[in-house]
Each structure stands twice: as C-alpha cells, then as structure tokens.
file work24.cif (mmCIF, C-alpha atoms)
data_work
#
loop_
_atom_site.label_atom_id
_atom_site.label_comp_id
_atom_site.auth_asym_id
_atom_site.auth_seq_id
_atom_site.Cartn_x
_atom_site.Cartn_y
_atom_site.Cartn_z
CA PRO A 1 -66.66 31.67 -248.47
CA GLU A 2 -65.15 35.07 -247.69
CA LEU A 3 -66.31 34.98 -244.06
CA GLN A 4 -63.44 35.63 -241.67
CA THR A 5 -63.24 32.63 -239.35
CA PHE A 6 -61.41 34.51 -236.60
CA SER A 7 -63.93 37.36 -236.44
CA PHE A 8 -66.88 35.00 -236.33
CA GLY A 9 -65.16 32.75 -233.79
CA LEU A 10 -64.32 35.73 -231.58
CA ALA A 11 -67.96 36.81 -231.40
CA PHE A 12 -69.04 33.20 -230.88
CA PHE A 13 -66.67 32.51 -227.98
CA LEU A 14 -67.43 35.84 -226.31
CA LEU A 15 -71.06 34.71 -226.22
CA VAL A 16 -69.99 31.29 -224.91
CA ILE A 17 -67.96 32.87 -222.09
CA PHE A 18 -70.88 35.14 -221.20
CA ILE A 19 -73.23 32.14 -220.93
CA ILE A 20 -70.78 30.08 -218.85
CA TYR A 21 -70.26 32.96 -216.45
CA GLY A 22 -74.01 32.90 -215.89
CA GLY A 23 -73.65 29.51 -214.22
CA PHE A 24 -74.55 25.94 -215.00
CA ARG A 25 -78.30 26.65 -214.94
CA THR A 26 -77.85 29.26 -217.66
CA ILE A 27 -76.24 26.65 -219.92
CA VAL A 28 -79.12 24.27 -219.22
CA GLY A 29 -81.58 27.03 -220.06
CA PHE A 30 -79.93 27.56 -223.44
CA SER A 31 -80.08 23.79 -224.01
CA VAL A 32 -83.84 23.80 -223.49
CA PHE A 33 -84.18 26.79 -225.81
CA SER A 34 -82.07 25.10 -228.51
CA LEU A 35 -84.25 21.98 -228.23
CA PHE A 36 -87.34 24.02 -229.10
CA ILE A 37 -85.47 25.49 -232.07
CA LEU A 38 -84.64 21.96 -233.23
CA LEU A 39 -88.26 20.87 -232.88
CA PHE A 40 -89.18 23.81 -235.13
CA ILE A 41 -86.62 22.78 -237.76
CA ILE A 42 -87.44 19.05 -237.91
CA PRO A 43 -90.77 19.35 -239.82
CA LEU A 44 -89.20 21.69 -242.40
CA PHE A 45 -87.26 18.81 -243.96
CA LEU A 46 -90.61 17.41 -245.09
CA TYR A 47 -90.52 20.00 -247.88
CA THR A 48 -88.35 17.46 -249.76
CA ILE A 49 -91.14 14.86 -249.87
CA PRO A 50 -92.60 15.99 -253.25
CA TYR A 51 -89.13 15.60 -254.80
CA ALA A 52 -88.16 12.40 -252.96
CA LYS A 53 -87.64 9.13 -254.82
CA PRO A 54 -87.99 6.02 -252.62
CA LEU A 55 -86.11 3.99 -255.27
CA TYR A 56 -82.93 5.75 -254.14
CA LEU A 57 -83.13 3.67 -250.93
CA SER A 58 -82.71 0.40 -252.81
CA PRO A 59 -81.02 -1.98 -252.89
CA ILE A 60 -81.04 -2.42 -249.10
CA LEU A 61 -78.12 -4.18 -247.38
CA SER A 62 -75.98 -4.07 -250.51
CA HIS A 63 -72.85 -3.03 -248.59
CA SER A 64 -70.31 -5.26 -246.90
CA PRO A 65 -70.00 -5.41 -243.07
CA GLY A 66 -66.74 -3.48 -243.34
CA GLU A 67 -68.42 -0.62 -245.22
CA ILE A 68 -71.29 -0.55 -242.71
CA PHE A 69 -68.81 -0.45 -239.82
CA ASN A 70 -66.96 2.41 -241.54
CA GLY A 71 -70.27 4.29 -241.66
CA VAL A 72 -70.80 3.60 -237.96
CA VAL A 73 -67.36 5.03 -237.19
CA ARG A 74 -68.14 8.20 -239.14
CA MET A 75 -71.49 8.59 -237.38
CA THR A 76 -69.75 8.45 -234.00
CA TYR A 77 -68.87 12.13 -234.41
CA SER A 78 -72.55 13.07 -234.65
CA PHE A 79 -73.54 10.96 -231.63
CA LEU A 80 -70.79 12.23 -229.33
CA GLY A 81 -72.04 14.35 -226.46
CA PHE A 82 -73.90 11.84 -224.31
CA GLU A 83 -70.75 11.40 -222.21
CA ILE A 84 -71.44 14.88 -220.79
CA ILE A 85 -73.87 13.19 -218.37
CA LEU A 86 -70.84 11.68 -216.60
CA PHE A 87 -69.73 15.17 -215.58
CA ILE A 88 -73.06 16.87 -214.86
CA PHE A 89 -74.56 13.90 -213.00
CA PRO A 90 -73.47 15.19 -209.53
CA PHE A 91 -75.21 18.52 -210.21
CA LEU A 92 -78.62 17.00 -210.89
CA LYS A 93 -81.25 17.48 -208.20
CA ALA A 94 -82.72 13.98 -208.63
CA PRO A 95 -80.00 12.01 -210.45
CA LYS A 96 -81.65 8.59 -210.20
CA LYS A 97 -84.90 9.89 -211.70
CA SER A 98 -82.97 11.64 -214.47
CA LYS A 99 -81.53 8.46 -215.94
CA LYS A 100 -84.62 7.70 -218.02
CA TRP A 101 -84.50 11.19 -219.52
CA ALA A 102 -80.94 10.57 -220.65
CA PHE A 103 -82.10 7.44 -222.49
CA TYR A 104 -85.04 9.36 -223.95
CA GLY A 105 -82.57 11.93 -225.22
CA LEU A 106 -80.48 9.24 -226.92
CA LEU A 107 -83.63 7.70 -228.41
CA PHE A 108 -84.73 11.10 -229.73
CA THR A 109 -81.30 11.71 -231.28
CA THR A 110 -81.30 8.29 -232.93
CA CYS A 111 -84.79 8.80 -234.36
CA PHE A 112 -83.89 12.28 -235.61
CA TYR A 113 -80.78 11.08 -237.46
CA THR A 114 -82.72 8.15 -238.94
CA TYR A 115 -85.49 10.49 -240.09
CA LEU A 116 -83.00 12.94 -241.61
CA ALA A 117 -80.96 10.18 -243.26
CA ILE A 118 -83.99 8.60 -244.95
CA LEU A 119 -85.18 11.96 -246.31
CA THR A 120 -81.67 12.81 -247.51
CA TYR A 121 -81.15 9.48 -249.26
CA MET A 122 -84.50 9.80 -251.04
CA TYR A 123 -83.81 13.38 -252.13
CA PHE A 124 -80.25 13.07 -253.48
CA PRO A 125 -78.88 10.41 -255.83
CA GLU A 126 -75.90 8.49 -254.46
CA LYS A 127 -73.30 10.06 -256.76
CA GLY A 128 -74.65 13.54 -256.13
CA LEU A 129 -74.64 13.02 -252.37
CA GLU A 130 -70.94 12.13 -252.44
CA LYS A 131 -70.08 15.61 -253.75
CA ILE A 132 -72.26 17.60 -251.32
CA ILE A 133 -70.66 18.88 -248.11
CA TRP A 134 -73.79 19.99 -246.24
CA ALA A 135 -76.78 18.04 -247.51
CA SER A 136 -79.13 19.66 -244.97
CA LEU A 137 -78.21 23.12 -246.24
CA GLN A 138 -78.97 22.09 -249.81
CA MET A 139 -82.36 20.71 -248.73
CA TRP A 140 -83.24 24.00 -247.04
CA LYS A 141 -82.74 25.87 -250.31
CA ILE A 142 -86.00 24.51 -251.75
CA ILE A 143 -88.07 25.89 -248.86
CA GLU A 144 -90.21 28.81 -249.96
CA MET A 145 -92.14 31.01 -247.56
CA PRO A 146 -94.02 34.28 -248.15
CA PHE A 147 -91.93 36.22 -245.63
CA VAL A 148 -88.43 34.93 -246.50
CA GLU A 149 -86.67 34.26 -249.79
CA ARG A 150 -83.55 32.41 -248.62
CA PHE A 151 -84.52 30.11 -245.77
CA GLU A 152 -81.06 28.56 -245.53
CA TYR A 153 -79.86 31.77 -243.81
CA ILE A 154 -82.48 31.24 -241.11
CA GLY A 155 -81.50 27.57 -240.94
CA ILE A 156 -77.84 28.44 -240.41
CA ALA A 157 -78.74 30.90 -237.65
CA ALA A 158 -81.00 28.31 -236.03
CA TRP A 159 -78.26 25.68 -236.17
CA PHE A 160 -75.90 28.20 -234.59
CA ILE A 161 -78.25 28.35 -231.58
CA ILE A 162 -78.48 24.55 -231.50
CA ILE A 163 -74.72 23.97 -231.28
CA LEU A 164 -74.11 26.87 -228.88
CA PRO A 165 -74.98 24.93 -225.67
CA ASN A 166 -72.76 22.04 -226.78
CA VAL A 167 -69.71 24.30 -226.88
CA CYS A 168 -70.71 25.80 -223.52
CA TYR A 169 -70.94 22.34 -221.95
CA TYR A 170 -67.52 21.24 -223.18
CA LEU A 171 -65.79 24.46 -222.14
CA TRP A 172 -67.52 24.33 -218.75
CA ILE A 173 -66.46 20.70 -218.25
CA SER A 174 -62.87 21.44 -219.30
CA SER A 175 -62.60 24.33 -216.87
CA ARG A 176 -64.29 22.27 -214.14
CA LEU A 177 -61.79 19.43 -214.54
CA PHE A 178 -58.92 21.92 -214.50
CA LYS A 179 -60.32 23.41 -211.29
CA GLN A 180 -60.55 20.02 -209.59
CA SER A 181 -57.05 19.03 -210.73
CA PHE A 182 -55.12 22.25 -210.11
CA SER A 183 -57.47 24.35 -207.92
CA VAL A 184 -57.68 27.14 -210.51
CA ARG A 185 -60.90 29.19 -210.64
CA GLN A 186 -63.16 28.56 -213.63
CA LYS A 187 -63.46 32.28 -214.33
CA VAL A 188 -59.75 32.22 -215.10
CA THR A 189 -59.58 29.02 -217.14
CA VAL A 190 -62.72 29.52 -219.27
CA PRO A 191 -61.28 32.51 -221.23
CA ILE A 192 -57.96 30.67 -221.61
CA PHE A 193 -59.61 27.57 -223.07
CA ALA A 194 -61.82 29.76 -225.28
CA CYS A 195 -58.72 31.52 -226.66
CA LEU A 196 -57.04 28.18 -227.35
CA CYS A 197 -60.15 26.99 -229.21
CA LEU A 198 -60.26 30.24 -231.18
CA ILE A 199 -56.61 29.90 -232.19
CA ALA A 200 -57.06 26.24 -233.14
CA MET A 201 -60.17 27.07 -235.16
CA SER A 202 -58.32 29.73 -237.11
CA LEU A 203 -55.71 27.20 -238.23
CA PHE A 204 -58.27 25.32 -240.33
CA THR A 205 -58.36 26.99 -243.73
CA ASN A 206 -59.91 24.39 -246.07
CA ARG A 207 -62.47 21.61 -246.13
CA ASN A 208 -59.90 18.79 -246.20
CA GLN A 209 -58.49 19.89 -242.84
CA ILE A 210 -61.99 20.02 -241.35
CA ASN A 211 -62.75 16.52 -242.66
CA MET A 212 -59.52 15.26 -241.12
CA LEU A 213 -60.49 16.79 -237.78
CA ILE A 214 -63.97 15.23 -237.93
CA ASP A 215 -62.57 11.77 -238.81
CA THR A 216 -59.95 11.95 -236.05
CA THR A 217 -62.55 13.06 -233.49
CA ALA A 218 -64.89 10.28 -234.59
CA LYS A 219 -62.19 7.62 -234.14
CA ALA A 220 -61.16 9.02 -230.75
CA GLY A 221 -64.82 9.10 -229.69
CA LEU A 222 -65.27 5.50 -230.82
CA TYR A 223 -62.36 4.32 -228.67
CA LEU A 224 -63.52 6.45 -225.76
CA THR A 225 -67.13 5.25 -225.70
CA TYR A 226 -66.77 1.60 -226.74
CA ILE A 227 -63.38 0.71 -225.21
CA TYR A 228 -62.28 3.14 -222.51
CA LEU A 229 -65.63 3.63 -220.71
CA PRO A 230 -66.51 -0.11 -220.54
CA ILE A 231 -63.00 -0.93 -219.26
CA LEU A 232 -63.26 1.91 -216.72
CA PHE A 233 -66.66 0.59 -215.59
CA ILE A 234 -65.24 -2.92 -215.06
CA LEU A 235 -62.25 -1.56 -213.12
CA VAL A 236 -64.56 0.47 -210.86
CA LEU A 237 -66.66 -2.64 -210.13
CA ILE A 238 -63.51 -4.63 -209.27
CA ALA A 239 -62.22 -1.82 -207.03
CA ARG A 240 -65.54 -1.67 -205.15
CA LYS A 241 -65.57 -5.42 -204.54
CA VAL A 242 -61.98 -5.31 -203.29
CA LYS A 243 -62.85 -2.48 -200.87
CA LYS A 244 -65.88 -4.40 -199.55
CA ARG A 245 -63.78 -7.49 -198.87
CA ALA A 246 -61.12 -5.38 -197.17
#
call {"tool": "encode", "arguments": {"input": "work24.cif", "output": "structure tokens"}}
result
Amino acid sequence: PELQTFSFGLAFFLLVIFIIYGGFRTIVGFSVFSLFILLFIIPLFLYTIPYAKPLYLSPILSHSPGEIFNGVVRMTYSFLGFEIILFIFPFLKAPKKSKKWAFYGLLFTTCFYTYLAILTYMYFPEKGLEKIIWASLQMWKIIEMPFVERFEYIGIAAWFIIILPNVCYYLWISSRLFKQSFSVRQKVTVPIFACLCLIAMSLFTNRNQINMLIDTTAKAGLYLTYIYLPILFILVLIARKVKKRA
C-alpha cells in the first residue's frame, strides 16, 4: 500500500519506451515471451482444487438477463485488445494467413477466462468474492513451494511481464496514428504520450477511482467494438460499391 505510484510508473514507462524504440519486432518478441509466462501461470491455479466447492456454482442461470448483460459489459474491459490487429495488420508478412491465428488467440483468451472464472467461483463464496479486489492474488497465496515462501510476489512480477507488451502496443499505435496524422516522428511522440500516461496514472489515489476508470473504459470499449466497428464496416462496404459503380 505504501508503494509510490509515480516511482513505479516512471521505471515502467522507461522500460516501455526502451522496448518501443527497439522497433515493432521487439514488441512482438516480448509478446511471445509474455505468452510463455502466462502458460506457466495457468496450471498454478489448480492449487485451489483441493479447497474448491462445486456447490458454489449453483444455482445456474439464477440471474436476470439484465444482470448477465451487466456482467458482459464489465468483462469487456478484460477482452479489449483484439482491436490492435486493425493497426498491425499492414505490418504482417502474410496477413491473410494470419487471420486464423487471431481467432485462435481470441479462443484461447475466452477459454482462459472461463477456466479462471470457474476455479474462482468454486474457491470463494459469493459474499466473500464481492469484497475481494484481486481474487487471483488471493488464490496465489495458498501456493507453497520448497524454494519460495510467498508465491504471490512471483505472480505479481509475472503479471507485470504479461501486461508490458499490451502497454507497448497501445503507445506504439498512438504514436503511429499521430505520425500519420501530423507527420511527427514516433521517437518524439512516444516519450510525450508516456509522460501523459504517467501523469494520468499518478492522479489515481484510491480504489474507487480505479474502478471508475475500469467501468468507463469497459463501456467505451463496448460501444467501440459492438457499435462503432460494425457501422464502420458497413460504411466501408457501401463506399466500395459506390466506387465500383462510378
């Protein structure tokens, strides 16, 4: 709780800038590395099996459609990121062959969240889960290994590596869009955007503000993916047909 957000964020964004300056392939390399870290973490949640109670999963379908939709909206925040493919698609060597891998990635993400949700719901009672901020962190605390006493510290460090490429992608895309719009070099805009993110991050001082940010981002992501992108797709199809007739 006493960790200084600004100091941690400064070190984090310096690392992000260093990776981005290495080029797009460097970011992709870190993505592959973070995927292997995630594959290492996934089986560790099975430590909760001896303490899991399948009865916590019942009754099934006891919530109203409105409550289920509210859960879908909140999960949008966790699923955001697939829209990155719209920006990196031109940089792929074989873009048409890469489409299936994008769908495999979405399938893997969906299966991972389902797996984690089922284990979490069986491990925590409903009322207890409502009061927990990071359920995954609490689940890591029961892991015991001969060479480490507090595994959650390793889990936090591993998760740090997992989210690192995501931040790199978004900063790279932001600077790339700025370059295409205003012809400003990415080496100039990347540090500027990183500083803005660092300042914005330092403004959040309590959990309520973070929750508000997550909820707002989830709603914006919902409108972006389910309303804006389909409408944009339809408009592009109409524009292409008009050009062909002309």
call {"tool": "atom_distance", "arguments": {"input": "work24.cif", "atom1": "atom CA of Tyr123 of chain A", "atom2": "atom CA of Arg150 of chain A"}}
result
19.4 Å
call {"tool": "closest_residue", "arguments": {"input": "work24.cif", "among": "A:Leu237, A:Ala218, A:Ile49, A:Leu107", "to": "Ile142 of chain A", "atoms": "all atoms listed in the file"}}
result
A:Ile49
call {"tool": "atom_distance", "arguments": {"input": "work24.cif", "atom1": "atom CA of Pro59 of chain A", "atom2": "atom CA of Glu130 of chain A"}}
result
17.3 Å
call {"tool": "residues_around", "arguments": {"input": "work24.cif", "residues": "Ser31 of chain A", "least_positions_apart": "6", "cutoff": "10 Å", "atoms": "only C-alpha atoms", "output": "PDB file with C-alpha atoms, in the coordinates of the input"}}
result
ATOM      1  CA  ARG A  25     -78.300  26.650-214.940  1.00  0.00           C
ATOM      2  CA  ILE A  37     -85.470  25.490-232.070  1.00  0.00           C
ATOM      3  CA  ILE A 161     -78.250  28.350-231.580  1.00  0.00           C
ATOM      4  CA  ILE A 162     -78.480  24.550-231.500  1.00  0.00           C
ATOM      5  CA  ILE A 163     -74.720  23.970-231.280  1.00  0.00           C
ATOM      6  CA  LEU A 164     -74.110  26.870-228.880  1.00  0.00           C
ATOM      7  CA  PRO A 165     -74.980  24.930-225.670  1.00  0.00           C
ATOM      8  CA  ASN A 166     -72.760  22.040-226.780  1.00  0.00           C
ATOM      9  CA  CYS A 168     -70.710  25.800-223.520  1.00  0.00           C
ATOM     10  CA  TYR A 169     -70.940  22.340-221.950  1.00  0.00           C
TER      11      TYR A 169
END
call {"tool": "atom_distance", "arguments": {"input": "work24.cif", "atom1": "atom CA of Lys241 of chain A", "atom2": "atom CA of Phe103 of chain A"}}
result
27.6 Å
call {"tool": "resolve_selection", "arguments": {"input": "work24.cif", "expression": "the PyMOL selection byres ((chain A and resi 52) around 12)", "output": "VMD selection string"}}
result
chain A and resid 45 to 51 53 to 57 118 to 125 139
call {"tool": "resolve_selection", "arguments": {"input": "work24.cif", "expression": "the PyMOL selection byres ((chain A and resi 137) around 10)", "output": "ChimeraX atom specification"}}
result
/A:132-136,138-142,151-153,155-156
call {"tool": "closest_residue", "arguments": {"input": "work24.cif", "among": "A:Thr217, A:Ser175, A:Thr76, A:Asn70", "to": "Phe193 of chain A", "atoms": "all atoms listed in the file"}}
result
A:Ser175
call {"tool": "residues_around", "arguments": {"input": "work24.cif", "residues": "Ser7 of chain A", "least_positions_apart": "5", "cutoff": "10 Å", "atoms": "only C-alpha atoms", "output": "PyMOL selection string"}}
result
chain A and resi 12+198+202
call {"tool": "resolve_selection", "arguments": {"input": "work24.cif", "expression": "the PyMOL selection byres ((chain A and resi 187) around 10)", "output": "list of chain:residue names"}}
result
A:Ile17, A:Ile20, A:Tyr21, A:Trp172, A:Ser175, A:Lys179, A:Val184, A:Arg185, A:Gln186, A:Val188, A:Thr189, A:Val190, A:Pro191, A:Ile192
call {"tool": "closest_residue", "arguments": {"input": "work24.cif", "among": "A:Ala11, A:Ile88, A:Met75, A:Ile68", "to": "Thr114 of chain A", "atoms": "only C-alpha atoms"}}
result
A:Met75
call {"tool": "residues_around", "arguments": {"input": "work24.cif", "residues": "Leu86 of chain A", "least_positions_apart": "3", "cutoff": "12 Å", "atoms": "only C-alpha atoms", "output": "ChimeraX atom specification"}}
result
/A:81-83,89-92,95,99,102,169,173,225,229,233
call {"tool": "write_last_selection", "arguments": {"input": "work24.cif", "atoms": "C-alpha atoms", "output": "compact mmCIF listing (two decimals), in the frame of the given file"}}
result
# COMPACT_ATOMS: atom_id res chain seq x y z
CA GLY A 81 -72.04 14.35 -226.46
CA PHE A 82 -73.90 11.84 -224.31
CA GLU A 83 -70.75 11.40 -222.21
CA PHE A 89 -74.56 13.90 -213.00
CA PRO A 90 -73.47 15.19 -209.53
CA PHE A 91 -75.21 18.52 -210.21
CA LEU A 92 -78.62 17.00 -210.89
CA PRO A 95 -80.00 12.01 -210.45
CA LYS A 99 -81.53 8.46 -215.94
CA ALA A 102 -80.94 10.57 -220.65
CA TYR A 169 -70.94 22.34 -221.95
CA ILE A 173 -66.46 20.70 -218.25
CA THR A 225 -67.13 5.25 -225.70
CA LEU A 229 -65.63 3.63 -220.71
CA PHE A 233 -66.66 0.59 -215.59
call {"tool": "residues_around", "arguments": {"input": "work24.cif", "residues": "Phe112 of chain A", "least_positions_apart": "6", "cutoff": "12 Å", "atoms": "only C-alpha atoms", "output": "PDB file with C-alpha atoms, in the frame of the given file"}}
result
ATOM      1  CA  LEU A  38     -84.640  21.960-233.230  1.00  0.00           C
ATOM      2  CA  LEU A  39     -88.260  20.870-232.880  1.00  0.00           C
ATOM      3  CA  ILE A  41     -86.620  22.780-237.760  1.00  0.00           C
ATOM      4  CA  ILE A  42     -87.440  19.050-237.910  1.00  0.00           C
ATOM      5  CA  PRO A  43     -90.770  19.350-239.820  1.00  0.00           C
ATOM      6  CA  PHE A  45     -87.260  18.810-243.960  1.00  0.00           C
ATOM      7  CA  SER A  78     -72.550  13.070-234.650  1.00  0.00           C
ATOM      8  CA  PHE A  79     -73.540  10.960-231.630  1.00  0.00           C
ATOM      9  CA  GLY A 105     -82.570  11.930-225.220  1.00  0.00           C
ATOM     10  CA  LEU A 106     -80.480   9.240-226.920  1.00  0.00           C
ATOM     11  CA  ILE A 118     -83.990   8.600-244.950  1.00  0.00           C
ATOM     12  CA  LEU A 119     -85.180  11.960-246.310  1.00  0.00           C
TER      13      LEU A 119
END
call {"tool": "closest_residue", "arguments": {"input": "work24.cif", "among": "A:Val167, A:Ile84, A:Ile143, A:Val73", "to": "Phe30 of chain A", "atoms": "only C-alpha atoms"}}
result
A:Val167
call {"tool": "axis_aligned_box", "arguments": {"input": "work24.cif", "around": "segment 227-245 of chain A", "padding_each_side": "5 Å", "output": "JSON"}}
result
{"center_x": -64.3, "center_y": -1.9, "center_z": -212.0, "size_x": 14.7, "size_y": 21.1, "size_z": 36.3}
call {"tool": "closest_residue", "arguments": {"input": "work24.cif", "among": "A:Ala158, A:Ile60, A:Leu3, A:Leu14", "to": "Cys195 of chain A", "atoms": "only C-alpha atoms"}}
result
A:Leu14
call {"tool": "build_atoms", "arguments": {"input": "work24.cif", "residues": "segment 24-35 of chain A", "atoms": "all heavy atoms", "output": "mmCIF file, keeping the file's coordinate frame"}}
result
data_model
loop_
_atom_site.group_PDB
_atom_site.id
_atom_site.type_symbol
_atom_site.label_atom_id
_atom_site.label_comp_id
_atom_site.auth_asym_id
_atom_site.auth_seq_id
_atom_site.Cartn_x
_atom_site.Cartn_y
_atom_site.Cartn_z
ATOM 1 N N PHE A 24 -74.147 27.186 -214.346
ATOM 2 C CA PHE A 24 -74.550 25.940 -215.000
ATOM 3 C C PHE A 24 -76.021 25.972 -215.412
ATOM 4 O O PHE A 24 -76.394 25.444 -216.460
ATOM 5 C CB PHE A 24 -74.296 24.765 -214.050
ATOM 6 C CG PHE A 24 -74.647 23.438 -214.628
ATOM 7 C CD1 PHE A 24 -73.869 22.874 -215.625
ATOM 8 C CD2 PHE A 24 -75.761 22.748 -214.189
ATOM 9 C CE1 PHE A 24 -74.197 21.646 -216.174
ATOM 10 C CE2 PHE A 24 -76.087 21.520 -214.731
ATOM 11 C CZ PHE A 24 -75.309 20.961 -215.716
ATOM 12 N N ARG A 25 -76.866 26.597 -214.612
ATOM 13 C CA ARG A 25 -78.300 26.650 -214.940
ATOM 14 C C ARG A 25 -78.542 27.481 -216.206
ATOM 15 O O ARG A 25 -79.488 27.210 -216.946
ATOM 16 C CB ARG A 25 -79.078 27.241 -213.768
ATOM 17 C CG ARG A 25 -79.152 26.315 -212.557
ATOM 18 C CD ARG A 25 -80.091 26.868 -211.499
ATOM 19 N NE ARG A 25 -80.222 25.958 -210.364
ATOM 20 C CZ ARG A 25 -81.044 26.150 -209.347
ATOM 21 N NH1 ARG A 25 -81.812 27.240 -209.313
ATOM 22 N NH2 ARG A 25 -81.105 25.276 -208.362
ATOM 23 N N THR A 26 -77.714 28.462 -216.440
ATOM 24 C CA THR A 26 -77.850 29.260 -217.660
ATOM 25 C C THR A 26 -77.567 28.412 -218.897
ATOM 26 O O THR A 26 -78.274 28.508 -219.914
ATOM 27 C CB THR A 26 -76.884 30.459 -217.623
ATOM 28 O OG1 THR A 26 -77.102 31.210 -216.430
ATOM 29 C CG2 THR A 26 -77.105 31.356 -218.826
ATOM 30 N N ILE A 27 -76.543 27.558 -218.805
ATOM 31 C CA ILE A 27 -76.240 26.650 -219.920
ATOM 32 C C ILE A 27 -77.397 25.708 -220.171
ATOM 33 O O ILE A 27 -77.787 25.457 -221.325
ATOM 34 C CB ILE A 27 -74.948 25.865 -219.617
ATOM 35 C CG1 ILE A 27 -73.777 26.808 -219.336
ATOM 36 C CG2 ILE A 27 -74.603 24.936 -220.776
ATOM 37 C CD1 ILE A 27 -72.497 26.099 -218.936
ATOM 38 N N VAL A 28 -77.974 25.171 -219.089
ATOM 39 C CA VAL A 28 -79.120 24.270 -219.220
ATOM 40 C C VAL A 28 -80.301 24.990 -219.864
ATOM 41 O O VAL A 28 -81.012 24.431 -220.701
ATOM 42 C CB VAL A 28 -79.510 23.693 -217.848
ATOM 43 C CG1 VAL A 28 -80.783 22.854 -217.961
ATOM 44 C CG2 VAL A 28 -78.383 22.856 -217.273
ATOM 45 N N GLY A 29 -80.504 26.245 -219.473
ATOM 46 C CA GLY A 29 -81.580 27.030 -220.060
ATOM 47 C C GLY A 29 -81.421 27.197 -221.556
ATOM 48 O O GLY A 29 -82.397 27.085 -222.320
ATOM 49 N N PHE A 30 -80.185 27.454 -222.006
ATOM 50 C CA PHE A 30 -79.930 27.560 -223.440
ATOM 51 C C PHE A 30 -80.135 26.208 -224.139
ATOM 52 O O PHE A 30 -80.551 26.164 -225.301
ATOM 53 C CB PHE A 30 -78.509 28.067 -223.685
ATOM 54 C CG PHE A 30 -78.438 29.553 -223.851
ATOM 55 C CD1 PHE A 30 -78.285 30.381 -222.752
ATOM 56 C CD2 PHE A 30 -78.530 30.132 -225.102
ATOM 57 C CE1 PHE A 30 -78.225 31.757 -222.899
ATOM 58 C CE2 PHE A 30 -78.466 31.497 -225.265
ATOM 59 C CZ PHE A 30 -78.320 32.320 -224.158
ATOM 60 N N SER A 31 -79.851 25.111 -223.432
ATOM 61 C CA SER A 31 -80.080 23.790 -224.010
ATOM 62 C C SER A 31 -81.559 23.565 -224.276
ATOM 63 O O SER A 31 -81.947 23.042 -225.334
ATOM 64 C CB SER A 31 -79.551 22.703 -223.055
ATOM 65 O OG SER A 31 -78.158 22.784 -222.910
ATOM 66 N N VAL A 32 -82.394 23.939 -223.316
ATOM 67 C CA VAL A 32 -83.840 23.800 -223.490
ATOM 68 C C VAL A 32 -84.313 24.657 -224.657
ATOM 69 O O VAL A 32 -85.122 24.234 -225.489
ATOM 70 C CB VAL A 32 -84.573 24.167 -222.190
ATOM 71 C CG1 VAL A 32 -86.090 24.116 -222.401
ATOM 72 C CG2 VAL A 32 -84.173 23.233 -221.060
ATOM 73 N N PHE A 33 -83.797 25.885 -224.727
ATOM 74 C CA PHE A 33 -84.180 26.790 -225.810
ATOM 75 C C PHE A 33 -83.756 26.228 -227.172
ATOM 76 O O PHE A 33 -84.522 26.280 -228.151
ATOM 77 C CB PHE A 33 -83.547 28.159 -225.588
ATOM 78 C CG PHE A 33 -83.862 29.161 -226.656
ATOM 79 C CD1 PHE A 33 -85.151 29.665 -226.804
ATOM 80 C CD2 PHE A 33 -82.874 29.608 -227.516
ATOM 81 C CE1 PHE A 33 -85.439 30.590 -227.796
ATOM 82 C CE2 PHE A 33 -83.155 30.529 -228.508
ATOM 83 C CZ PHE A 33 -84.434 31.022 -228.650
ATOM 84 N N SER A 34 -82.550 25.667 -227.246
ATOM 85 C CA SER A 34 -82.070 25.100 -228.510
ATOM 86 C C SER A 34 -82.889 23.882 -228.912
ATOM 87 O O SER A 34 -83.062 23.603 -230.102
ATOM 88 C CB SER A 34 -80.588 24.723 -228.396
ATOM 89 O OG SER A 34 -80.409 23.661 -227.471
ATOM 90 N N LEU A 35 -83.403 23.137 -227.917
ATOM 91 C CA LEU A 35 -84.250 21.980 -228.230
ATOM 92 C C LEU A 35 -85.536 22.419 -228.917
ATOM 93 O O LEU A 35 -85.980 21.792 -229.889
ATOM 94 C CB LEU A 35 -84.565 21.212 -226.946
ATOM 95 C CG LEU A 35 -85.520 20.014 -227.097
ATOM 96 C CD1 LEU A 35 -84.931 18.969 -228.044
ATOM 97 C CD2 LEU A 35 -85.829 19.392 -225.742
#
